[in-house]
file protein34.txt (compact mmCIF, C-alpha atoms)
# COMPACT_ATOMS: atom_id res chain seq x y z
CA MET O 1 109.85 139.05 32.61
CA LYS O 2 106.20 139.66 31.78
CA ARG O 3 103.33 138.92 34.16
CA GLN O 4 100.67 136.32 33.38
CA GLY O 5 98.11 137.60 30.88
CA GLU O 6 100.40 140.42 29.75
CA SER O 7 101.65 141.11 26.24
CA ARG O 8 105.35 141.63 25.55
CA LYS O 9 104.65 145.25 24.64
CA GLU O 10 102.82 145.82 27.94
CA ALA O 11 105.59 144.16 29.93
CA SER O 12 108.25 146.36 28.36
CA ALA O 13 106.16 149.43 29.24
CA LEU O 14 106.20 148.71 32.99
CA LYS O 15 107.41 151.73 34.95
CA ASN O 16 108.14 152.77 38.51
CA LEU O 17 106.01 155.26 40.40
CA LEU O 18 108.61 156.61 42.81
CA SER O 19 112.18 157.63 42.01
CA ALA O 20 114.96 159.89 43.25
CA ARG O 21 114.67 162.11 40.20
CA LYS O 22 111.02 163.11 40.28
CA ILE O 23 108.46 164.33 42.83
CA ILE O 24 105.04 162.67 42.67
CA ASN O 25 101.78 163.86 44.20
CA ILE O 26 99.30 161.60 45.96
CA GLY O 27 96.10 162.51 47.78
CA THR O 28 93.25 161.43 50.00
CA TRP O 29 89.67 162.70 49.87
CA ASN O 30 86.38 161.87 51.55
CA VAL O 31 84.09 162.56 48.60
CA ARG O 32 80.89 161.74 50.54
CA THR O 33 79.58 159.58 47.69
CA MET O 34 80.42 158.28 44.23
CA TYR O 35 76.96 156.75 43.90
CA GLU O 36 75.86 159.61 41.63
CA THR O 37 75.94 159.97 37.86
CA GLY O 38 79.04 161.83 36.75
CA LYS O 39 80.69 161.95 40.20
CA ALA O 40 83.63 159.71 39.22
CA ALA O 41 84.36 161.89 36.19
CA GLN O 42 84.21 165.00 38.37
CA ILE O 43 86.72 163.52 40.83
CA ALA O 44 89.00 162.44 37.97
CA ALA O 45 88.99 166.00 36.60
CA GLU O 46 90.15 167.36 39.97
CA MET O 47 92.78 164.61 40.14
CA ARG O 48 94.20 165.72 36.80
CA ASN O 49 93.95 169.37 37.82
CA TYR O 50 96.16 168.75 40.86
CA LYS O 51 98.46 166.39 38.94
CA LEU O 52 97.93 163.47 41.32
CA SER O 53 99.40 160.07 40.49
CA VAL O 54 97.21 158.25 43.04
CA LEU O 55 94.11 159.49 44.86
CA GLY O 56 92.65 157.57 47.80
CA LEU O 57 88.88 157.94 48.17
CA ALA O 58 86.73 157.47 51.27
CA GLU O 59 82.96 157.10 51.64
CA THR O 60 82.52 156.10 48.02
CA ARG O 61 79.28 154.21 48.85
CA TRP O 62 79.92 151.72 46.05
CA THR O 63 79.02 148.12 46.88
CA LYS O 64 80.99 144.99 45.97
CA SER O 65 84.69 145.12 45.05
CA GLY O 66 86.53 145.34 41.76
CA GLN O 67 87.96 147.79 39.28
CA GLN O 68 86.58 150.19 36.70
CA LYS O 69 88.29 152.08 33.89
CA LEU O 70 87.09 155.59 33.08
CA ALA O 71 86.83 156.94 29.55
CA THR O 72 89.51 159.49 30.41
CA GLY O 73 91.99 156.72 31.29
CA GLU O 74 91.93 156.65 35.09
CA LEU O 75 91.52 153.27 36.80
CA ILE O 76 89.44 152.89 39.97
CA LEU O 77 90.15 150.06 42.42
CA PHE O 78 87.29 149.86 44.90
CA ALA O 79 86.01 147.95 47.93
CA GLY O 80 82.55 148.08 49.48
CA HIS O 81 79.95 145.98 51.27
CA GLU O 82 79.81 142.53 49.65
CA THR O 83 76.47 141.24 50.91
CA GLU O 84 73.60 141.19 48.42
CA GLY O 85 71.28 144.17 48.83
CA ALA O 86 73.71 145.99 51.13
CA HIS O 87 73.13 149.68 51.78
CA HIS O 88 75.28 152.16 49.89
CA THR O 89 77.41 153.22 52.85
CA GLU O 90 81.14 153.46 53.63
CA GLY O 91 83.42 152.20 50.83
CA VAL O 92 87.02 153.02 49.87
CA ALA O 93 88.89 153.22 46.57
CA PHE O 94 92.05 154.24 44.75
CA MET O 95 91.93 156.27 41.55
CA LEU O 96 95.10 155.72 39.51
CA SER O 97 96.61 157.83 36.77
CA ARG O 98 98.02 156.08 33.69
CA GLU O 99 101.49 156.41 35.20
CA ALA O 100 100.40 154.70 38.41
CA GLN O 101 98.64 151.93 36.49
CA SER O 102 101.88 151.02 34.70
CA ALA O 103 103.66 150.77 38.06
CA LEU O 104 100.93 148.81 39.87
CA VAL O 105 102.13 145.49 41.32
CA GLY O 106 98.81 144.47 42.84
CA TRP O 107 96.04 145.40 45.23
CA VAL O 108 94.01 143.73 47.98
CA ILE O 109 90.89 144.63 49.92
CA SER O 110 92.19 143.43 53.29
CA ASN O 111 94.58 140.73 54.43
CA LEU O 112 92.08 139.52 57.02
CA VAL O 113 88.51 140.10 55.87
CA ILE O 114 86.68 141.85 53.08
CA SER O 115 86.20 145.37 54.41
CA PRO O 116 84.45 148.47 53.05
CA ARG O 117 86.89 150.56 55.11
CA LEU O 118 90.34 149.36 53.99
CA ILE O 119 92.16 148.83 50.71
CA LYS O 120 95.86 148.44 49.88
CA ALA O 121 97.77 148.95 46.63
CA THR O 122 101.44 148.23 45.89
CA PHE O 123 103.61 149.98 43.29
CA ARG O 124 107.13 149.64 41.89
CA THR O 125 109.85 152.13 42.75
CA GLN O 126 113.21 152.91 41.17
CA ILE O 127 114.81 150.28 43.42
CA ASP O 128 113.83 146.75 42.32
CA LYS O 129 113.46 145.29 45.81
CA LEU O 130 111.79 148.40 47.25
CA LYS O 131 108.00 148.68 46.93
CA LEU O 132 105.59 151.53 47.67
CA ASN O 133 102.56 150.38 49.68
CA LEU O 134 99.54 152.67 50.05
CA ILE O 135 96.84 151.78 52.60
CA MET O 136 93.61 153.77 52.23
CA CYS O 137 91.37 153.95 55.30
CA TYR O 138 87.92 155.17 56.28
CA ALA O 139 87.66 154.97 60.07
CA PRO O 140 84.42 155.07 62.10
CA THR O 141 83.44 158.44 63.56
CA ASN O 142 84.42 159.42 67.08
CA ASN O 143 80.85 158.76 68.30
CA SER O 144 80.68 155.22 66.87
CA ASP O 145 80.36 152.21 69.16
CA GLU O 146 83.64 151.13 70.75
CA GLU O 147 83.23 147.67 69.24
CA VAL O 148 83.04 149.12 65.72
CA LYS O 149 86.16 151.24 66.26
CA GLU O 150 88.11 148.36 67.79
CA GLN O 151 87.17 146.11 64.86
CA PHE O 152 88.46 148.69 62.38
CA TYR O 153 91.82 149.04 64.14
CA GLU O 154 92.18 145.27 64.46
CA GLN O 155 91.70 144.95 60.69
CA LEU O 156 94.10 147.84 60.01
CA GLN O 157 96.75 146.38 62.31
CA GLY O 158 96.37 143.04 60.52
CA ILE O 159 97.43 144.77 57.30
CA LEU O 160 100.24 146.75 58.94
CA MET O 161 101.69 143.62 60.55
CA GLU O 162 102.16 142.03 57.13
CA LEU O 163 103.93 145.01 55.57
CA ASN O 164 107.65 144.70 54.86
CA SER O 165 109.42 147.25 57.07
CA ARG O 166 112.02 147.68 54.33
CA ASP O 167 109.36 149.03 51.93
CA ILE O 168 108.02 152.57 51.71
CA ASN O 169 104.65 152.44 53.44
CA VAL O 170 102.05 155.21 53.40
CA LEU O 171 98.88 155.30 55.48
CA LEU O 172 96.21 157.71 54.30
CA GLY O 173 92.51 158.41 54.57
CA ASP O 174 89.69 159.79 56.69
CA PHE O 175 90.51 158.64 60.23
CA ASN O 176 87.96 160.92 61.91
CA ALA O 177 90.87 161.56 64.27
CA LYS O 178 91.82 164.93 65.74
CA ILE O 179 95.42 164.88 67.00
CA GLY O 180 95.87 168.50 68.07
CA THR O 181 99.19 170.28 68.61
CA ASP O 182 100.48 168.73 71.83
CA ASN O 183 102.80 165.87 70.89
CA THR O 184 103.87 164.98 74.42
CA GLY O 185 104.52 161.25 74.43
CA TYR O 186 104.16 161.10 70.65
CA GLU O 187 107.27 163.03 69.63
CA ARG O 188 108.39 160.29 67.24
CA VAL O 189 105.10 160.11 65.33
CA MET O 190 103.82 163.71 65.16
CA GLY O 191 105.02 167.29 65.16
CA THR O 192 103.46 170.37 66.72
CA HIS O 193 101.79 171.77 63.61
CA GLY O 194 98.47 169.97 63.95
CA LEU O 195 95.10 171.61 64.48
CA GLY O 196 92.65 171.71 67.40
CA GLU O 197 92.70 169.26 70.32
CA MET O 198 93.04 165.49 70.39
CA ASN O 199 89.87 163.38 70.60
CA GLU O 200 89.43 159.69 71.46
CA ASN O 201 89.87 158.61 67.85
CA GLY O 202 93.03 160.70 67.74
CA GLY O 203 94.50 158.72 70.63
CA MET O 204 93.73 155.38 68.97
CA PHE O 205 95.16 156.64 65.70
CA LEU O 206 98.41 157.90 67.26
CA ASP O 207 98.83 154.71 69.29
CA THR O 208 98.65 152.72 66.05
CA CYS O 209 101.14 155.07 64.37
CA ALA O 210 103.51 154.68 67.32
CA GLN O 211 103.24 150.90 67.35
CA TYR O 212 103.94 150.53 63.62
CA GLU O 213 106.30 153.52 63.29
CA PHE O 214 104.40 156.02 61.16
CA VAL O 215 104.73 159.79 61.31
CA VAL O 216 101.65 162.00 60.71
CA GLY O 217 102.63 164.31 57.86
CA GLY O 218 100.00 167.00 58.47
CA SER O 219 101.48 167.72 61.90
CA VAL O 220 105.07 168.11 60.70
CA PHE O 221 104.91 170.84 58.07
CA PRO O 222 104.14 174.42 59.16
CA HIS O 223 101.18 175.80 57.21
CA LYS O 224 98.42 178.28 57.85
CA ASN O 225 95.39 176.77 59.57
CA ILE O 226 93.34 177.03 56.37
CA HIS O 227 95.79 174.58 54.77
CA LYS O 228 95.62 172.19 57.74
CA ALA O 229 91.82 171.91 58.11
CA THR O 230 90.42 168.94 56.20
CA TRP O 231 86.75 169.12 57.25
CA VAL O 232 84.35 172.07 57.47
CA SER O 233 81.01 172.08 59.32
CA PRO O 234 77.81 172.80 57.32
CA ASP O 235 77.61 176.29 58.83
CA HIS O 236 81.27 176.95 57.88
CA THR O 237 82.16 177.92 61.45
CA THR O 238 83.98 174.79 62.66
CA THR O 239 87.01 173.18 61.03
CA ASN O 240 88.87 170.01 61.98
CA GLN O 241 91.94 168.12 60.83
CA ILE O 242 90.67 164.54 60.61
CA ASP O 243 92.05 163.33 57.25
CA HIS O 244 95.71 162.31 57.34
CA ILE O 245 98.66 161.11 55.27
CA CYS O 246 101.31 159.22 57.24
CA LYS O 247 104.71 157.82 56.28
CA ASN O 248 106.76 155.09 57.91
CA THR O 249 109.55 156.73 59.91
CA LYS O 250 112.32 154.80 58.12
CA PHE O 251 111.61 156.80 54.94
CA ARG O 252 110.38 159.95 56.64
CA ARG O 253 112.63 162.15 54.47
CA SER O 254 110.77 160.95 51.37
CA LEU O 255 107.67 162.87 52.51
CA LEU O 256 108.23 166.47 51.36
CA ASP O 257 104.91 168.13 52.22
CA VAL O 258 101.28 167.55 53.24
CA LYS O 259 98.63 170.18 52.59
CA ALA O 260 94.86 170.60 52.28
CA LYS O 261 93.66 171.98 48.94
CA ARG O 262 90.62 174.19 49.45
CA GLY O 263 90.10 174.83 45.75
CA ALA O 264 89.17 171.27 44.83
CA ASP O 265 85.40 170.79 44.75
CA VAL O 266 83.22 167.71 44.36
CA THR O 267 80.41 168.81 46.70
CA SER O 268 81.96 167.40 49.87
CA ASP O 269 82.46 168.87 53.32
CA HIS O 270 86.00 167.45 53.27
CA HIS O 271 88.96 169.07 51.53
CA LEU O 272 91.35 167.21 49.28
CA VAL O 273 94.61 166.47 51.16
CA THR O 274 97.77 166.05 49.09
CA ALA O 275 101.33 164.93 49.76
CA LYS O 276 104.55 165.25 47.80
CA LEU O 277 106.81 162.19 47.69
CA LYS O 278 110.33 161.69 46.39
CA LEU O 279 112.54 158.65 46.88
CA LYS O 280 115.21 159.44 49.46
CA LEU O 281 117.08 156.47 50.88
CA ARG O 282 118.19 156.70 54.49
call {"tool": "encode", "arguments": {"input": "protein34.txt", "output": "structure tokens"}}
result
Amino acid sequence: MKRQGESRKEASALKNLLSARKIINIGTWNVRTMYETGKAAQIAAEMRNYKLSVLGLAETRWTKSGQQKLATGELILFAGHETEGAHHTEGVAFMLSREAQSALVGWVISNLVISPRLIKATFRTQIDKLKLNLIMCYAPTNNSDEEVKEQFYEQLQGILMELNSRDINVLLGDFNAKIGTDNTGYERVMGTHGLGEMNENGGMFLDTCAQYEFVVGGSVFPHKNIHKATWVSPDHTTTNQIDHICKNTKFRRSLLDVKAKRGADVTSDHHLVTAKLKLKLR
């Protein structure tokens, strides 16, 4: 059956993004801004270089919401401040490969309110009734007002509450959350391979993961610290793990690896973080 506004040829070309036969790569990256000439093309080049099917982007600084097709074929779904004359701050997006575009079911900015910090996209999988939901986030910094942080988590939880627990759900983005290595009390949602020490944002982040049954991938897989750090200070002396990719625990085995890629470069103080996914039914 073809979707409204779709040709028969396009309908027959619909594909799935996740299957039991193939590993796909997804990623998250705080790019600091896309409000620069040529920046989107630069990001797309790195996306192709690392063979990513979907790349979540934080701090895009684009205003309004919509979609944009690049000359190289990638599709950008984006959300930003909607008010007229708004400052170019915050903003989130998904950049989709051609493969991901053919598997896209739909996307929303937020189930509750229009937000420049949250965006969700849904894709087909090999199993007809099983969908892949990706939720891209850009959380306030640890020093932000408590009211701002609470508002973000209320909006995020509004989206998580409406997810189907039978689907494959992935939470990714810049959470500005350090979770550390001590998983006491959080054994079900994190391992012991994190980095640094937990901060206040880390506690809020882990509490949300525990409530909605997500496991933090970057804390599960043993890697060298240089492949765990996702942010580097301007003087290159301090590193933190504040960007994360999480998977709902029901399909935890479908998450094969999470790793920071230090070679990717778009003039950001954040590293690209990638994950390998493969459909594995429990």
call {"tool": "residues_around", "arguments": {"input": "protein34.txt", "residues": "Thr89 in chain O", "least_positions_apart": "5", "cutoff": "9 Å", "atoms": "only C-alpha atoms", "output": "number ranges by chain"}}
result
O: 33, 59-63, 80-81, 116
call {"tool": "atom_distance", "arguments": {"input": "protein34.txt", "atom1": "CA of Ser268 in chain O", "atom2": "CA of Leu77 in chain O"}}
result
20.6 Å
call {"tool": "residues_around", "arguments": {"input": "protein34.txt", "residues": "Met204 in chain O", "least_positions_apart": "4", "cutoff": "9 Å", "atoms": "only C-alpha atoms", "output": "MDAnalysis selection string"}}
result
chainID O and resid 153 177 200 208:209
call {"tool": "closest_residue", "arguments": {"input": "protein34.txt", "among": "O:Ala86, O:Gly196, O:Lys276, O:Glu162", "to": "Thr238 in chain O", "atoms": "only C-alpha atoms"}}
result
O:Gly196
call {"tool": "residues_around", "arguments": {"input": "protein34.txt", "residues": "Gln42 in chain O", "least_positions_apart": "3", "cutoff": "12 Å", "atoms": "all atoms listed in the file", "output": "VMD selection string"}}
result
chain O and resid 31 33 to 34 36 to 39 45 to 49 70 72 74 264 to 268
call {"tool": "residues_near_point", "arguments": {"input": "protein34.txt", "point": "(90.2, 159.7, 71.3)", "cutoff": "10 Å", "atoms": "all atoms listed in the file", "output": "ChimeraX atom specification"}}
result
/O:142-143,176-179,197-206
call {"tool": "atom_distance", "arguments": {"input": "protein34.txt", "atom1": "CA of Ala71 in chain O", "atom2": "CA of Leu96 in chain O"}}
result
13.0 Å
call {"tool": "atom_distance", "arguments": {"input": "protein34.txt", "atom1": "CA of Gly106 in chain O", "atom2": "CA of Ala44 in chain O"}}
result
21.0 Å
call {"tool": "closest_residue", "arguments": {"input": "protein34.txt", "among": "O:Gln68, O:Thr83, O:Asn133, O:Ser97", "to": "Asn25 in chain O", "atoms": "all atoms listed in the file"}}
result
O:Ser97
call {"tool": "closest_residue", "arguments": {"input": "protein34.txt", "among": "O:Pro234, O:Leu255, O:Cys246, O:Gly218", "to": "Asp269 in chain O", "atoms": "only C-alpha atoms"}}
result
O:Pro234
call {"tool": "closest_residue", "arguments": {"input": "protein34.txt", "among": "O:Glu90, O:Lys250, O:Gln211, O:Arg188", "to": "Arg166 in chain O", "atoms": "all atoms listed in the file"}}
result
O:Lys250
call {"tool": "closest_residue", "arguments": {"input": "protein34.txt", "among": "O:Thr125, O:Ala58, O:Ile245, O:Lys15", "to": "Pro140 in chain O", "atoms": "only C-alpha atoms"}}
result
O:Ala58
call {"tool": "axis_aligned_box", "arguments": {"input": "protein34.txt", "around": "range 258-263 of chain O", "padding_each_side": "4 Å", "output": "lines of an AutoDock Vina configuration file"}}
result
center_x = 95.7
center_y = 171.2
center_z = 49.5
size_x = 19.2
size_y = 15.3
size_z = 15.5
call {"tool": "closest_residue", "arguments": {"input": "protein34.txt", "among": "O:Ala210, O:Leu195, O:Ala40, O:Ile168", "to": "Arg253 in chain O", "atoms": "only C-alpha atoms"}}
result
O:Ile168
call {"tool": "residues_near_point", "arguments": {"input": "protein34.txt", "point": "(104.5, 163.9, 47.7)", "cutoff": "8 Å", "atoms": "all atoms listed in the file", "output": "count of residues only"}}
result
14
call {"tool": "residues_around", "arguments": {"input": "protein34.txt", "residues": "Gln67 in chain O", "least_positions_apart": "5", "cutoff": "8 Å", "atoms": "all atoms listed in the file", "output": "compact mmCIF listing (two decimals) with C-alpha atoms, in the frame of the given file"}}
result
# COMPACT_ATOMS: atom_id res chain seq x y z
CA LEU O 75 91.52 153.27 36.80
CA ILE O 76 89.44 152.89 39.97
CA LEU O 77 90.15 150.06 42.42
CA PHE O 78 87.29 149.86 44.90
call {"tool": "residues_around", "arguments": {"input": "protein34.txt", "residues": "Val273 in chain O", "least_positions_apart": "6", "cutoff": "10 Å", "atoms": "all atoms listed in the file", "output": "NGL selection string"}}
result
:O and (26-30 or 55-56 or 172-174 or 218 or 227-230 or 243-245 or 258-262 or 264)
call {"tool": "write_last_selection", "arguments": {"input": "protein34.txt", "atoms": "C-alpha atoms", "output": "PDB file, in the coordinates of the input"}}
result
ATOM      1  CA  ILE O  26      99.300 161.600  45.960  1.00  0.00           C
ATOM      2  CA  GLY O  27      96.100 162.510  47.780  1.00  0.00           C
ATOM      3  CA  THR O  28      93.250 161.430  50.000  1.00  0.00           C
ATOM      4  CA  TRP O  29      89.670 162.700  49.870  1.00  0.00           C
ATOM      5  CA  ASN O  30      86.380 161.870  51.550  1.00  0.00           C
ATOM      6  CA  LEU O  55      94.110 159.490  44.860  1.00  0.00           C
ATOM      7  CA  GLY O  56      92.650 157.570  47.800  1.00  0.00           C
ATOM      8  CA  LEU O 172      96.210 157.710  54.300  1.00  0.00           C
ATOM      9  CA  GLY O 173      92.510 158.410  54.570  1.00  0.00           C
ATOM     10  CA  ASP O 174      89.690 159.790  56.690  1.00  0.00           C
ATOM     11  CA  GLY O 218     100.000 167.000  58.470  1.00  0.00           C
ATOM     12  CA  HIS O 227      95.790 174.580  54.770  1.00  0.00           C
ATOM     13  CA  LYS O 228      95.620 172.190  57.740  1.00  0.00           C
ATOM     14  CA  ALA O 229      91.820 171.910  58.110  1.00  0.00           C
ATOM     15  CA  THR O 230      90.420 168.940  56.200  1.00  0.00           C
ATOM     16  CA  ASP O 243      92.050 163.330  57.250  1.00  0.00           C
ATOM     17  CA  HIS O 244      95.710 162.310  57.340  1.00  0.00           C
ATOM     18  CA  ILE O 245      98.660 161.110  55.270  1.00  0.00           C
ATOM     19  CA  VAL O 258     101.280 167.550  53.240  1.00  0.00           C
ATOM     20  CA  LYS O 259      98.630 170.180  52.590  1.00  0.00           C
ATOM     21  CA  ALA O 260      94.860 170.600  52.280  1.00  0.00           C
ATOM     22  CA  LYS O 261      93.660 171.980  48.940  1.00  0.00           C
ATOM     23  CA  ARG O 262      90.620 174.190  49.450  1.00  0.00           C
ATOM     24  CA  ALA O 264      89.170 171.270  44.830  1.00  0.00           C
TER      25      ALA O 264
END
call {"tool": "build_atoms", "arguments": {"input": "protein34.txt", "residues": "range 122-132 of chain O", "atoms": "all heavy atoms", "output": "JSON list (two decimals), keeping the file's coordinate frame"}}
result
[["chain", "number", "residue", "atom", "x", "y", "z"],
["O", 122, "THR", "N", 99.99, 148.29, 45.89],
["O", 122, "THR", "CA", 101.44, 148.23, 45.89],
["O", 122, "THR", "C", 101.99, 148.63, 44.52],
["O", 122, "THR", "O", 101.47, 148.19, 43.49],
["O", 122, "THR", "CB", 101.93, 146.82, 46.25],
["O", 122, "THR", "OG1", 101.41, 146.45, 47.54],
["O", 122, "THR", "CG2", 103.45, 146.76, 46.30],
["O", 123, "PHE", "N", 103.05, 149.45, 44.52],
["O", 123, "PHE", "CA", 103.61, 149.98, 43.29],
["O", 123, "PHE", "C", 105.14, 149.78, 43.25],
["O", 123, "PHE", "O", 105.79, 149.68, 44.30],
["O", 123, "PHE", "CB", 103.32, 151.48, 43.17],
["O", 123, "PHE", "CG", 101.85, 151.82, 43.19],
["O", 123, "PHE", "CD1", 101.20, 152.04, 44.40],
["O", 123, "PHE", "CD2", 101.12, 151.89, 42.02],
["O", 123, "PHE", "CE1", 99.85, 152.35, 44.44],
["O", 123, "PHE", "CE2", 99.76, 152.20, 42.05],
["O", 123, "PHE", "CZ", 99.13, 152.42, 43.25],
["O", 124, "ARG", "N", 105.68, 149.74, 42.05],
["O", 124, "ARG", "CA", 107.13, 149.64, 41.89],
["O", 124, "ARG", "C", 107.78, 150.98, 42.18],
["O", 124, "ARG", "O", 107.18, 152.05, 41.97],
["O", 124, "ARG", "CB", 107.49, 149.25, 40.45],
["O", 124, "ARG", "CG", 107.01, 147.89, 40.02],
["O", 124, "ARG", "CD", 107.37, 147.62, 38.57],
["O", 124, "ARG", "NE", 106.64, 146.46, 38.09],
["O", 124, "ARG", "CZ", 105.39, 146.49, 37.65],
["O", 124, "ARG", "NH1", 104.75, 147.65, 37.60],
["O", 124, "ARG", "NH2", 104.79, 145.39, 37.25],
["O", 125, "THR", "N", 109.03, 150.94, 42.61],
["O", 125, "THR", "CA", 109.85, 152.13, 42.75],
["O", 125, "THR", "C", 111.10, 151.96, 41.89],
["O", 125, "THR", "O", 111.30, 150.92, 41.25],
["O", 125, "THR", "CB", 110.26, 152.39, 44.21],
["O", 125, "THR", "OG1", 111.26, 151.45, 44.60],
["O", 125, "THR", "CG2", 109.07, 152.28, 45.15],
["O", 126, "GLN", "N", 111.97, 152.95, 41.94],
["O", 126, "GLN", "CA", 113.21, 152.91, 41.17],
["O", 126, "GLN", "C", 114.11, 151.76, 41.61],
["O", 126, "GLN", "O", 114.88, 151.22, 40.81],
["O", 126, "GLN", "CB", 113.93, 154.25, 41.33],
["O", 126, "GLN", "CG", 115.23, 154.39, 40.55],
["O", 126, "GLN", "CD", 115.91, 155.70, 40.82],
["O", 126, "GLN", "OE1", 115.46, 156.49, 41.65],
["O", 126, "GLN", "NE2", 117.00, 155.95, 40.13],
["O", 127, "ILE", "N", 114.00, 151.37, 42.88],
["O", 127, "ILE", "CA", 114.81, 150.28, 43.42],
["O", 127, "ILE", "C", 114.01, 148.98, 43.30],
["O", 127, "ILE", "O", 112.90, 148.88, 43.82],
["O", 127, "ILE", "CB", 115.17, 150.53, 44.91],
["O", 127, "ILE", "CG1", 115.77, 151.93, 45.07],
["O", 127, "ILE", "CG2", 116.13, 149.47, 45.41],
["O", 127, "ILE", "CD1", 117.03, 152.18, 44.28],
["O", 128, "ASP", "N", 114.57, 147.97, 42.63],
["O", 128, "ASP", "CA", 113.83, 146.75, 42.32],
["O", 128, "ASP", "C", 113.20, 146.10, 43.54],
["O", 128, "ASP", "O", 112.05, 145.66, 43.50],
["O", 128, "ASP", "CB", 114.76, 145.73, 41.63],
["O", 128, "ASP", "CG", 115.06, 146.14, 40.20],
["O", 128, "ASP", "OD1", 114.31, 146.96, 39.65],
["O", 128, "ASP", "OD2", 116.05, 145.65, 39.63],
["O", 129, "LYS", "N", 113.94, 146.00, 44.63],
["O", 129, "LYS", "CA", 113.46, 145.29, 45.81],
["O", 129, "LYS", "C", 112.65, 146.18, 46.75],
["O", 129, "LYS", "O", 112.18, 145.71, 47.79],
["O", 129, "LYS", "CB", 114.64, 144.68, 46.58],
["O", 129, "LYS", "CG", 115.37, 143.59, 45.79],
["O", 129, "LYS", "CD", 116.47, 142.98, 46.63],
["O", 129, "LYS", "CE", 117.17, 141.86, 45.86],
["O", 129, "LYS", "NZ", 118.25, 141.23, 46.66],
["O", 130, "LEU", "N", 112.48, 147.44, 46.38],
["O", 130, "LEU", "CA", 111.79, 148.40, 47.25],
["O", 130, "LEU", "C", 110.42, 148.73, 46.66],
["O", 130, "LEU", "O", 110.32, 149.22, 45.54],
["O", 130, "LEU", "CB", 112.62, 149.68, 47.38],
["O", 130, "LEU", "CG", 112.16, 150.72, 48.41],
["O", 130, "LEU", "CD1", 112.30, 150.18, 49.82],
["O", 130, "LEU", "CD2", 112.98, 151.99, 48.24],
["O", 131, "LYS", "N", 109.36, 148.44, 47.40],
["O", 131, "LYS", "CA", 108.00, 148.68, 46.93],
["O", 131, "LYS", "C", 107.37, 149.86, 47.68],
["O", 131, "LYS", "O", 107.77, 150.19, 48.80],
["O", 131, "LYS", "CB", 107.13, 147.44, 47.13],
["O", 131, "LYS", "CG", 107.60, 146.22, 46.35],
["O", 131, "LYS", "CD", 107.47, 146.43, 44.86],
["O", 131, "LYS", "CE", 107.79, 145.16, 44.07],
["O", 131, "LYS", "NZ", 109.20, 144.77, 44.16],
["O", 132, "LEU", "N", 106.40, 150.48, 47.05],
["O", 132, "LEU", "CA", 105.59, 151.53, 47.67],
["O", 132, "LEU", "C", 104.22, 150.97, 47.97],
["O", 132, "LEU", "O", 103.48, 150.59, 47.05],
["O", 132, "LEU", "CB", 105.49, 152.75, 46.74],
["O", 132, "LEU", "CG", 104.50, 153.85, 47.16],
["O", 132, "LEU", "CD1", 104.93, 154.50, 48.47],
["O", 132, "LEU", "CD2", 104.37, 154.90, 46.06]]
